[in-house]
Amino acid sequence: MSLNSILASSLRWSSSATTVAEADALLAKLWASSEARRFLVSDSPVDATTTEPIAVRTGVMNLAVVANGAERAAHAASILATLPRNPSRTLFIVPRDPEGPATFAARLEVFCAVTPRGDGTSACTELLWIDVGGPAAHHLASIVPPLSLHDLPTLLWWDAPVNAAESDVRQLLRGVDRVIIDGATQPSDGLSTVRTLFAAAESAGVAVTDFALLRQGRWRDSIATMFDEESAAPFLTAINKIGIDYSGGKGSNASVNVVRPAYHVAWLASRLKASVKTPLHLSGGAGWRAELQDPMRHAVAVELNPVESVLGAGTTTAVHIAADRRGDHFDLEVRADSTSTRAIATINGVVVHERIFQAPRWTEATLLSESLEFGEVDPLSPAIIRTMSALIG
Amino acid sequence: MSPQSPAEGHATIRELRLGRKTRKPAAKRGAKNPLRAGLRIERVPDPHVVVLFGATGDLAHRKVVPALFHLWVGNLLPERFALVCFGRRPLSDQEIRTSLRSSLDKHARITPVNEERWAAFASRITYHQGGFDEPAAYSSLSAKLAAIDSESGTDGNRLYYLATPASSFPEIVRSLGAAGLDHEKADGGWRRIVIEKPFGRDLETAVKLNREVGKVFRESQVYRIDHYLGKETVRNILIFRFGNLIFEPIWHRRYIDHVQITVAESIGVEGRGAFYEETGALRDILQNHLLQLLTLVAMEPPANLEAEALRDEKVKVLRAIRPIPVESVDQSVIRGQYGPGWVGATEAPGYRSEPAVDPASETETFVAARLEIDDWRWAGVPFYLRAGKRLPKRATEIAIQFKDVPQRLFPTVGDEPEPNLLVIRIQPDEGILMRFAAKVPGLGIDVRPVNMDFAYGSAFTVESPDAYETLILDALLGDASLFTRADEVEAAWRIVDPIIDAWIAGPEPEMPNYTSGTWGPEAADELLTREGRRWRRL
């Protein structure tokens, strides 16, 4: 049930609180008894007089969104509104004025919509808009756990530059099941920021979902499919070079965020069980270089090459994979535009497979939907993130 | 030369080492590709052409084309895809596109229809006019497909989808064979055929149809579709049973008293009187949907998730169902036909008053059966199946009724004990409910049954695909796990055949024998009450 349909709902309730305890108590009271749930107001006066509402809270997850300002929080809410279904409780937290006095202000809203089961049951979702200021803004770990629903997974969407070296962030990570970030929007080359976060997450035992990694799903699908071909499959164990072209932007190499191109390498290395021999390092004006070692101890050269492009800096423009086996040379080149990817495989210069995949670039809504869908289990990220940490060095 | 000689085809170690010969049959393409691990989208099918027979019909417009369009919108079809609509009526490409587009407004799962995506999809649709028995139509189809392969790069891969009346299946299959459209090796592309139910009218016709299909297509090319198997909740039965540790140990005659499987519809025949007259609830629902659900509940864990392993286990269940002797069918199977009544505050006519229905029709619109499975796990556990039209509500579910505790320590609220119950709701409000006893709050120790309720709609953030989307994608990927094998179809007919024989040989039934808007004939209730049980109130 989407938030859009819930917002046009049959039952709603709102209140406000000035302390975490008060917010928690108000919501707990609402669900404590059917008597209390009569405070859920029906939009339709007829319904209100003829039927007693049966309202239940959905059992999906908690989502805490740490937003860089009210506008970003509203933006996050607008993305959530487009998703097919929603978390049971969402906390939109806007930390502000860290130097001012400690403040806490929460607006609480509950929206319910009738489920299709036919017995009049309404499924409810809760939104908490929280402004937190002064020293309290540095203690979000004291806000999220007490306001999270018990026994549901809690996801933290850090929709802002993240500094995982801060003790509050590290402590907050200990209270959630998954943290969602966008490595592609982190400052500078992005590598050191994500590495710090990965280390903090590992220490806290929390899973990481990175939009930057998810975005590349269409590339991964295309590359994997090309190696399904019988003639290409044997070259998978003989790869000796991985080259990623990315938009170089206008700044220096060091100032362009290369998290996205690096993830391609991390994915391939993790799947092929290759280890990192030499981590990523700048190679003058020629981009980034690294070296992997495959399970047979053969060297795999890695190049991240900046190219001129109209795309945003750090965006992947092409993936090249080369392999040599029994005197034959294999090349795979994958490129993408806004709606599709195109892959061409050649053996000794002769095209053996060419495929176009319908694969539009993912929107923020798709990325968030995927992140929420992973819930507690993400079959893809952990191995890639481990390899990425090693690749960053 | 000895029969074991390498020269006769057995690979030597050297040949195996050098890859000149393989020791085992080739694995499914991509099965061992390590890059596949963890990817959300398993695989996009190879470039291909879908040839849709019966493209102007109801099934094509309501289910097949909307499913293909949703796969397209979800980027689960390759760019090099074409849809050839084969039909008898004279239509242009543009006319079939317009007609299909109009149907999408009514039947698309995701609305409004994305016009940009539709335009790209529609550009891949063409119409091919011809009779199903006209050789010339297949020759020209062959030429057309070759031209599409050449122009669109569809690599000779073809899925023939038979969305036609069952009576047309044999002639279409024969004609495809006669035109050489079944050959997989001619140009390297795969050829698969999807056949809709009903697959035969009885065992004899099913065997004959299997034989006809088998003359042209290998079993591995044939995908017999039962859309129930593509439903998310039905697929979840396997996950529920074999992906959790806690249920399988009690999934046994020691703990289970009986099983009820219900497919209830509130609608009538909805203008399909002529079809229903020839079919009836036994053939339309019990022989396929109900028995398929039963096999998933009763099967042993398969060795793996390969299509053959799964289907082997399902066939074992069907073969273990105790045959009902013709002379005692009326003790184990109840049929009914709805008379006039009220359903959902609307007056409903009786079956015999429906258009295209014989006013003296004996066709059953309701069937209930008591089956037993003769194996170690299920011996003595009755499986009650029921399906009907014009019942009070639409509901499909599997209810596993557990036995009562051996000694009741606590007083229960109400007269009768309520042993544990597990309900798998297939539609609507898909989910799983577990009922157990809990203490009523208060100073006493009264016990009352309470529900632990899992609902797909509130637990997951994605919408379930339509069953046809799941099944068509599987067929395009060459995964037959959710399709019915020839021996499975025949085993199901072996269970149903004696019932048909008994009804043919028996006296004229008293029909109609239930009022629209009720739960079927009283005799269906007696099927359980005489054993001290009762149907669940849905």
# chains A, B, ... in the order shown; residues from 1 in each chain; ligands from 1
>>> residues_around(residues="stretch 330-336 of chain A", least_positions_apart="3", cutoff="9 Å", atoms="only C-alpha atoms", output="PyMOL selection string")
chain A and resi 218-219+222-223+226+232+235+239+316-325+339-349+359-361
>>> residues_around(residues="B:Asn304", least_positions_apart="4", cutoff="12 Å", atoms="only C-alpha atoms", output="ChimeraX atom specification")
/B:238,242,300,308-313,481
>>> interface_residues(of="chain A", to="chain B", cutoff="7 Å", atoms="only C-alpha atoms", output="PyMOL selection string")
chain A and resi 58-60+84-86+116-117+224-225+227-228+271-272+356-359+373+379-380
>>> write_last_selection(atoms="N, CA, C and O atoms", output="compact mmCIF listing (two decimals), in the first residue's frame")
# COMPACT_ATOMS: atom_id res chain seq x y z
N THR A 58 1.22 -1.77 10.43
CA THR A 58 1.89 -2.71 9.53
C THR A 58 3.15 -3.23 10.21
O THR A 58 3.73 -2.55 11.06
N GLY A 59 3.57 -4.42 9.83
CA GLY A 59 4.75 -5.01 10.45
C GLY A 59 5.90 -5.10 9.47
O GLY A 59 6.31 -6.20 9.12
N VAL A 60 6.36 -4.00 8.97
CA VAL A 60 7.39 -4.02 7.93
C VAL A 60 8.77 -3.71 8.52
O VAL A 60 9.63 -4.58 8.59
N PRO A 84 5.79 1.36 -3.39
CA PRO A 84 4.56 0.57 -3.31
C PRO A 84 4.07 0.37 -1.88
O PRO A 84 2.89 0.38 -1.61
N ARG A 85 5.00 0.17 -0.96
CA ARG A 85 4.59 -0.01 0.44
C ARG A 85 5.57 0.71 1.35
O ARG A 85 6.65 1.08 0.93
N ASN A 86 5.17 0.88 2.57
CA ASN A 86 5.95 1.75 3.43
C ASN A 86 6.35 1.13 4.75
O ASN A 86 5.72 0.20 5.22
N PRO A 116 -7.26 -4.76 1.52
CA PRO A 116 -8.22 -5.43 0.63
C PRO A 116 -8.82 -6.70 1.23
O PRO A 116 -9.54 -7.40 0.55
N ARG A 117 -8.55 -7.00 2.51
CA ARG A 117 -9.01 -8.30 3.01
C ARG A 117 -10.52 -8.36 3.20
O ARG A 117 -11.09 -9.44 3.35
N ALA A 224 27.10 -10.08 -16.41
CA ALA A 224 26.88 -11.49 -16.03
C ALA A 224 26.24 -12.26 -17.18
O ALA A 224 26.63 -13.40 -17.48
N THR A 225 25.28 -11.63 -17.84
CA THR A 225 24.58 -12.33 -18.93
C THR A 225 25.53 -12.65 -20.08
O THR A 225 25.44 -13.72 -20.70
N PHE A 227 28.55 -13.43 -19.85
CA PHE A 227 29.37 -14.60 -19.50
C PHE A 227 28.53 -15.87 -19.34
O PHE A 227 29.06 -16.93 -19.03
N ASP A 228 27.23 -15.77 -19.56
CA ASP A 228 26.40 -16.98 -19.67
C ASP A 228 26.65 -17.68 -20.99
O ASP A 228 26.40 -18.88 -21.13
N ARG A 271 33.42 -11.66 -6.88
CA ARG A 271 32.77 -12.82 -7.49
C ARG A 271 33.79 -13.80 -8.07
O ARG A 271 33.54 -15.01 -8.11
N LEU A 272 34.91 -13.29 -8.52
CA LEU A 272 35.93 -14.16 -9.13
C LEU A 272 36.94 -14.63 -8.09
O LEU A 272 37.94 -15.26 -8.43
N ILE A 356 21.72 -5.92 -26.46
CA ILE A 356 21.23 -4.66 -25.90
C ILE A 356 20.24 -5.04 -24.81
O ILE A 356 19.36 -5.88 -25.03
N PHE A 357 20.41 -4.47 -23.63
CA PHE A 357 19.51 -4.77 -22.52
C PHE A 357 18.68 -3.53 -22.20
O PHE A 357 19.24 -2.44 -22.07
N GLN A 358 17.38 -3.72 -22.09
CA GLN A 358 16.55 -2.61 -21.62
C GLN A 358 16.90 -2.42 -20.16
O GLN A 358 16.60 -3.28 -19.34
N ALA A 359 17.52 -1.33 -19.83
CA ALA A 359 17.94 -1.15 -18.44
C ALA A 359 18.03 0.34 -18.13
O ALA A 359 19.10 0.94 -18.22
N GLU A 373 13.76 -3.18 0.41
CA GLU A 373 13.35 -4.55 0.11
C GLU A 373 14.38 -5.55 0.63
O GLU A 373 14.04 -6.66 1.01
N PRO A 379 21.99 -10.22 -0.41
CA PRO A 379 22.88 -11.26 -0.90
C PRO A 379 24.09 -10.72 -1.64
O PRO A 379 25.02 -11.45 -1.95
N LEU A 380 24.08 -9.43 -1.93
CA LEU A 380 25.10 -8.89 -2.82
C LEU A 380 26.19 -8.09 -2.10
O LEU A 380 27.37 -8.31 -2.33
>>> residues_around(residues="stretch 251-255 of chain B", least_positions_apart="3", cutoff="10 Å", atoms="only C-alpha atoms", output="mmCIF file with C-alpha atoms, in the first residue's frame")
data_model
loop_
_atom_site.group_PDB
_atom_site.id
_atom_site.type_symbol
_atom_site.label_atom_id
_atom_site.label_comp_id
_atom_site.auth_asym_id
_atom_site.auth_seq_id
_atom_site.Cartn_x
_atom_site.Cartn_y
_atom_site.Cartn_z
ATOM 1 C CA ARG B 241 7.837 -25.897 4.118
ATOM 2 C CA ILE B 246 10.111 -25.591 12.534
ATOM 3 C CA PHE B 247 7.222 -26.789 10.365
ATOM 4 C CA GLU B 248 8.535 -29.878 8.613
ATOM 5 C CA HIS B 258 -6.703 -33.264 8.266
ATOM 6 C CA VAL B 297 1.336 -29.554 0.589
ATOM 7 C CA ALA B 298 1.990 -33.284 0.614
ATOM 8 C CA TRP B 376 4.105 -43.155 5.514
ATOM 9 C CA ARG B 377 3.739 -39.443 6.048
ATOM 10 C CA TRP B 378 0.042 -39.097 5.312
ATOM 11 C CA ALA B 379 -1.604 -42.457 5.973
ATOM 12 C CA GLY B 380 -4.952 -41.834 7.669
ATOM 13 C CA VAL B 381 -4.965 -38.055 7.131
ATOM 14 C CA PRO B 382 -7.916 -37.034 4.950
ATOM 15 C CA ILE B 400 -3.774 -27.514 7.953
ATOM 16 C CA GLN B 401 -5.780 -28.583 10.963
ATOM 17 C CA PHE B 402 -3.579 -29.990 13.718
ATOM 18 C CA LYS B 403 -4.683 -32.569 16.268
ATOM 19 C CA ASP B 404 -5.796 -31.581 19.732
ATOM 20 C CA VAL B 405 -3.377 -31.747 22.655
ATOM 21 C CA ASN B 420 -3.782 -25.370 16.321
#
>>> atom_distance(atom1="atom CA of B:Val113", atom2="atom CA of B:Ile125")
16.7 Å
>>> select_by_dssp(residues="stretch 222-257 of chain B", states="strand (DSSP E)", output="short mmCIF file (atom, residue, chain, number, x, y, z; two decimals) with all heavy atoms, in the first residue's frame")
data_model
loop_
_atom_site.label_atom_id
_atom_site.label_comp_id
_atom_site.auth_asym_id
_atom_site.auth_seq_id
_atom_site.Cartn_x
_atom_site.Cartn_y
_atom_site.Cartn_z
N VAL B 222 8.09 -28.62 -23.91
CA VAL B 222 6.66 -28.41 -23.66
C VAL B 222 6.44 -27.82 -22.26
O VAL B 222 6.95 -28.33 -21.27
CB VAL B 222 5.89 -29.75 -23.79
CG1 VAL B 222 4.39 -29.52 -23.60
CG2 VAL B 222 6.16 -30.39 -25.14
N TYR B 223 5.68 -26.74 -22.20
CA TYR B 223 5.37 -26.06 -20.94
C TYR B 223 3.85 -26.02 -20.78
O TYR B 223 3.18 -25.19 -21.37
CB TYR B 223 5.96 -24.64 -20.96
CG TYR B 223 7.46 -24.65 -20.97
CD1 TYR B 223 8.17 -24.99 -22.13
CD2 TYR B 223 8.19 -24.36 -19.83
CE1 TYR B 223 9.55 -25.06 -22.13
CE2 TYR B 223 9.57 -24.40 -19.83
CZ TYR B 223 10.24 -24.76 -20.98
OH TYR B 223 11.61 -24.81 -20.97
N ARG B 224 3.33 -26.96 -19.96
CA ARG B 224 1.87 -27.01 -19.72
C ARG B 224 1.58 -26.08 -18.55
O ARG B 224 2.08 -26.30 -17.44
CB ARG B 224 1.42 -28.44 -19.40
CG ARG B 224 1.56 -29.38 -20.56
CD ARG B 224 1.24 -30.80 -20.17
NE ARG B 224 1.71 -31.73 -21.18
CZ ARG B 224 2.97 -32.14 -21.29
NH1 ARG B 224 3.87 -31.72 -20.43
NH2 ARG B 224 3.32 -32.97 -22.26
N ILE B 225 0.79 -25.09 -18.80
CA ILE B 225 0.64 -24.01 -17.80
C ILE B 225 -0.59 -24.25 -16.92
O ILE B 225 -1.66 -24.57 -17.40
CB ILE B 225 0.55 -22.65 -18.55
CG1 ILE B 225 1.00 -21.50 -17.68
CG2 ILE B 225 -0.83 -22.37 -19.09
CD1 ILE B 225 1.24 -20.21 -18.47
N ILE B 256 -0.98 -33.87 12.33
CA ILE B 256 -2.01 -33.23 11.50
C ILE B 256 -3.25 -34.11 11.47
O ILE B 256 -3.17 -35.30 11.18
CB ILE B 256 -1.47 -32.97 10.08
CG1 ILE B 256 -0.37 -31.89 10.15
CG2 ILE B 256 -2.59 -32.52 9.13
CD1 ILE B 256 0.31 -31.59 8.84
N ASP B 257 -4.39 -33.48 11.78
CA ASP B 257 -5.65 -34.22 11.79
C ASP B 257 -6.19 -34.35 10.37
O ASP B 257 -6.57 -35.43 9.94
CB ASP B 257 -6.66 -33.46 12.66
CG ASP B 257 -8.01 -34.16 12.69
OD1 ASP B 257 -8.10 -35.21 13.35
OD2 ASP B 257 -8.96 -33.68 12.04
#
>>> residues_around(residues="B:Leu59", least_positions_apart="4", cutoff="12 Å", atoms="only C-alpha atoms", output="PyMOL selection string")
chain B and resi 52-55+63-67+100+103+107+161-165+196-197+227+468
>>> write_last_selection(atoms="N, CA, C and O atoms", output="PDB file, in the first residue's frame")
ATOM      1  N   LEU B  52       1.893 -15.912 -30.662  1.00  0.00           N
ATOM      2  CA  LEU B  52       0.711 -16.078 -29.814  1.00  0.00           C
ATOM      3  C   LEU B  52      -0.476 -16.545 -30.650  1.00  0.00           C
ATOM      4  O   LEU B  52      -1.034 -15.766 -31.437  1.00  0.00           O
ATOM      5  N   PHE B  53      -0.830 -17.803 -30.496  1.00  0.00           N
ATOM      6  CA  PHE B  53      -2.005 -18.334 -31.197  1.00  0.00           C
ATOM      7  C   PHE B  53      -3.247 -17.975 -30.383  1.00  0.00           C
ATOM      8  O   PHE B  53      -3.242 -18.113 -29.158  1.00  0.00           O
ATOM      9  N   GLY B  54      -4.289 -17.551 -31.086  1.00  0.00           N
ATOM     10  CA  GLY B  54      -5.495 -17.116 -30.373  1.00  0.00           C
ATOM     11  C   GLY B  54      -5.335 -15.704 -29.859  1.00  0.00           C
ATOM     12  O   GLY B  54      -5.846 -15.344 -28.800  1.00  0.00           O
ATOM     13  N   ALA B  55      -4.625 -14.892 -30.625  1.00  0.00           N
ATOM     14  CA  ALA B  55      -4.266 -13.548 -30.153  1.00  0.00           C
ATOM     15  C   ALA B  55      -5.456 -12.614 -30.045  1.00  0.00           C
ATOM     16  O   ALA B  55      -5.369 -11.591 -29.369  1.00  0.00           O
ATOM     17  N   LYS B  63      -4.756 -11.797 -20.101  1.00  0.00           N
ATOM     18  CA  LYS B  63      -3.630 -12.296 -19.312  1.00  0.00           C
ATOM     19  C   LYS B  63      -2.288 -12.264 -20.033  1.00  0.00           C
ATOM     20  O   LYS B  63      -1.301 -11.760 -19.507  1.00  0.00           O
ATOM     21  N   VAL B  64      -2.239 -12.881 -21.222  1.00  0.00           N
ATOM     22  CA  VAL B  64      -0.924 -13.128 -21.834  1.00  0.00           C
ATOM     23  C   VAL B  64      -0.241 -11.827 -22.266  1.00  0.00           C
ATOM     24  O   VAL B  64       0.914 -11.574 -21.890  1.00  0.00           O
ATOM     25  N   VAL B  65      -0.956 -10.991 -23.006  1.00  0.00           N
ATOM     26  CA  VAL B  65      -0.305  -9.768 -23.475  1.00  0.00           C
ATOM     27  C   VAL B  65      -0.039  -8.791 -22.320  1.00  0.00           C
ATOM     28  O   VAL B  65       1.070  -8.232 -22.240  1.00  0.00           O
ATOM     29  N   PRO B  66      -0.985  -8.593 -21.379  1.00  0.00           N
ATOM     30  CA  PRO B  66      -0.617  -7.755 -20.221  1.00  0.00           C
ATOM     31  C   PRO B  66       0.626  -8.283 -19.486  1.00  0.00           C
ATOM     32  O   PRO B  66       1.478  -7.501 -19.053  1.00  0.00           O
ATOM     33  N   ALA B  67       0.738  -9.607 -19.374  1.00  0.00           N
ATOM     34  CA  ALA B  67       1.921 -10.163 -18.688  1.00  0.00           C
ATOM     35  C   ALA B  67       3.188  -9.850 -19.478  1.00  0.00           C
ATOM     36  O   ALA B  67       4.203  -9.433 -18.902  1.00  0.00           O
ATOM     37  N   LEU B 100      -5.114  -4.517 -28.581  1.00  0.00           N
ATOM     38  CA  LEU B 100      -4.390  -4.939 -27.380  1.00  0.00           C
ATOM     39  C   LEU B 100      -4.186  -3.768 -26.423  1.00  0.00           C
ATOM     40  O   LEU B 100      -4.283  -3.909 -25.206  1.00  0.00           O
ATOM     41  N   SER B 103      -7.251  -3.201 -24.462  1.00  0.00           N
ATOM     42  CA  SER B 103      -7.422  -4.204 -23.400  1.00  0.00           C
ATOM     43  C   SER B 103      -6.531  -3.910 -22.192  1.00  0.00           C
ATOM     44  O   SER B 103      -6.886  -4.230 -21.056  1.00  0.00           O
ATOM     45  N   HIS B 107      -6.988  -4.445 -18.178  1.00  0.00           N
ATOM     46  CA  HIS B 107      -6.376  -5.614 -17.548  1.00  0.00           C
ATOM     47  C   HIS B 107      -4.931  -5.415 -17.078  1.00  0.00           C
ATOM     48  O   HIS B 107      -4.348  -6.350 -16.512  1.00  0.00           O
ATOM     49  N   TYR B 161       2.834 -19.833 -28.053  1.00  0.00           N
ATOM     50  CA  TYR B 161       1.901 -19.784 -26.928  1.00  0.00           C
ATOM     51  C   TYR B 161       0.510 -20.101 -27.451  1.00  0.00           C
ATOM     52  O   TYR B 161      -0.040 -19.350 -28.260  1.00  0.00           O
ATOM     53  N   LEU B 162      -0.070 -21.194 -26.962  1.00  0.00           N
ATOM     54  CA  LEU B 162      -1.376 -21.630 -27.448  1.00  0.00           C
ATOM     55  C   LEU B 162      -2.482 -21.120 -26.520  1.00  0.00           C
ATOM     56  O   LEU B 162      -2.896 -21.805 -25.587  1.00  0.00           O
ATOM     57  N   ALA B 163      -2.926 -19.883 -26.781  1.00  0.00           N
ATOM     58  CA  ALA B 163      -4.027 -19.308 -25.991  1.00  0.00           C
ATOM     59  C   ALA B 163      -5.326 -19.519 -26.760  1.00  0.00           C
ATOM     60  O   ALA B 163      -6.082 -18.578 -27.023  1.00  0.00           O
ATOM     61  N   THR B 164      -5.560 -20.759 -27.131  1.00  0.00           N
ATOM     62  CA  THR B 164      -6.694 -21.098 -27.996  1.00  0.00           C
ATOM     63  C   THR B 164      -7.588 -22.100 -27.263  1.00  0.00           C
ATOM     64  O   THR B 164      -7.185 -22.671 -26.250  1.00  0.00           O
ATOM     65  N   PRO B 165      -8.788 -22.362 -27.812  1.00  0.00           N
ATOM     66  CA  PRO B 165      -9.559 -23.474 -27.252  1.00  0.00           C
ATOM     67  C   PRO B 165      -8.748 -24.772 -27.346  1.00  0.00           C
ATOM     68  O   PRO B 165      -7.973 -24.958 -28.294  1.00  0.00           O
ATOM     69  N   GLU B 196      -2.046 -24.156 -22.672  1.00  0.00           N
ATOM     70  CA  GLU B 196      -2.954 -23.806 -21.569  1.00  0.00           C
ATOM     71  C   GLU B 196      -3.799 -25.003 -21.186  1.00  0.00           C
ATOM     72  O   GLU B 196      -4.036 -25.902 -21.993  1.00  0.00           O
ATOM     73  N   LYS B 197      -4.312 -25.010 -19.967  1.00  0.00           N
ATOM     74  CA  LYS B 197      -5.269 -26.033 -19.587  1.00  0.00           C
ATOM     75  C   LYS B 197      -6.612 -25.732 -20.264  1.00  0.00           C
ATOM     76  O   LYS B 197      -6.841 -24.576 -20.625  1.00  0.00           O
ATOM     77  N   HIS B 227      -1.917 -21.755 -14.130  1.00  0.00           N
ATOM     78  CA  HIS B 227      -1.490 -20.449 -13.609  1.00  0.00           C
ATOM     79  C   HIS B 227      -1.450 -20.412 -12.080  1.00  0.00           C
ATOM     80  O   HIS B 227      -0.779 -19.561 -11.505  1.00  0.00           O
ATOM     81  N   TYR B 468       0.914 -15.052 -14.468  1.00  0.00           N
ATOM     82  CA  TYR B 468       1.299 -15.221 -15.873  1.00  0.00           C
ATOM     83  C   TYR B 468       2.669 -14.603 -16.160  1.00  0.00           C
ATOM     84  O   TYR B 468       3.421 -15.109 -16.991  1.00  0.00           O
TER      85      TYR B 468
END
>>> residues_around(residues="A:Pro95", least_positions_apart="4", cutoff="6 Å", atoms="only C-alpha atoms", output="PyMOL selection string")
chain A and resi 132-133+137
>>> atom_distance(atom1="atom CA of A:Asn257", atom2="atom CA of A:Ala165")
19.4 Å
>>> residues_around(residues="B:Lys314", least_positions_apart="3", cutoff="12 Å", atoms="only C-alpha atoms", output="JSON, numbers by chain")
{"B": [238, 291, 292, 293, 294, 295, 296, 297, 298, 299, 300, 301, 302, 307, 308, 309, 310, 311, 317, 318, 319, 320, 321, 481, 482, 483, 484, 485, 487, 488, 489, 491, 492]}
>>> residues_around(residues="A:Ala199", least_positions_apart="2", cutoff="12 Å", atoms="only C-alpha atoms", output="list of chain:residue names")
A:Asn163, A:Ala164, A:Ala165, A:Arg170, A:Leu173, A:Ser192, A:Thr193, A:Val194, A:Arg195, A:Thr196, A:Leu197, A:Ala201, A:Glu202, A:Ser203, A:Ala204, A:Gly205, A:Val206, A:Ala207, A:Val208, A:Ile385, A:Arg386, A:Met388, A:Ser389, A:Ala390, A:Ile392, A:Gly393
>>> select_by_dssp(residues="stretch 373-465 of chain B", states="helix (DSSP H, G or I)", output="PyMOL selection string")
chain B and resi 456-459
>>> atom_distance(atom1="atom CA of A:Val300", atom2="atom CA of A:Ser231")
20.9 Å
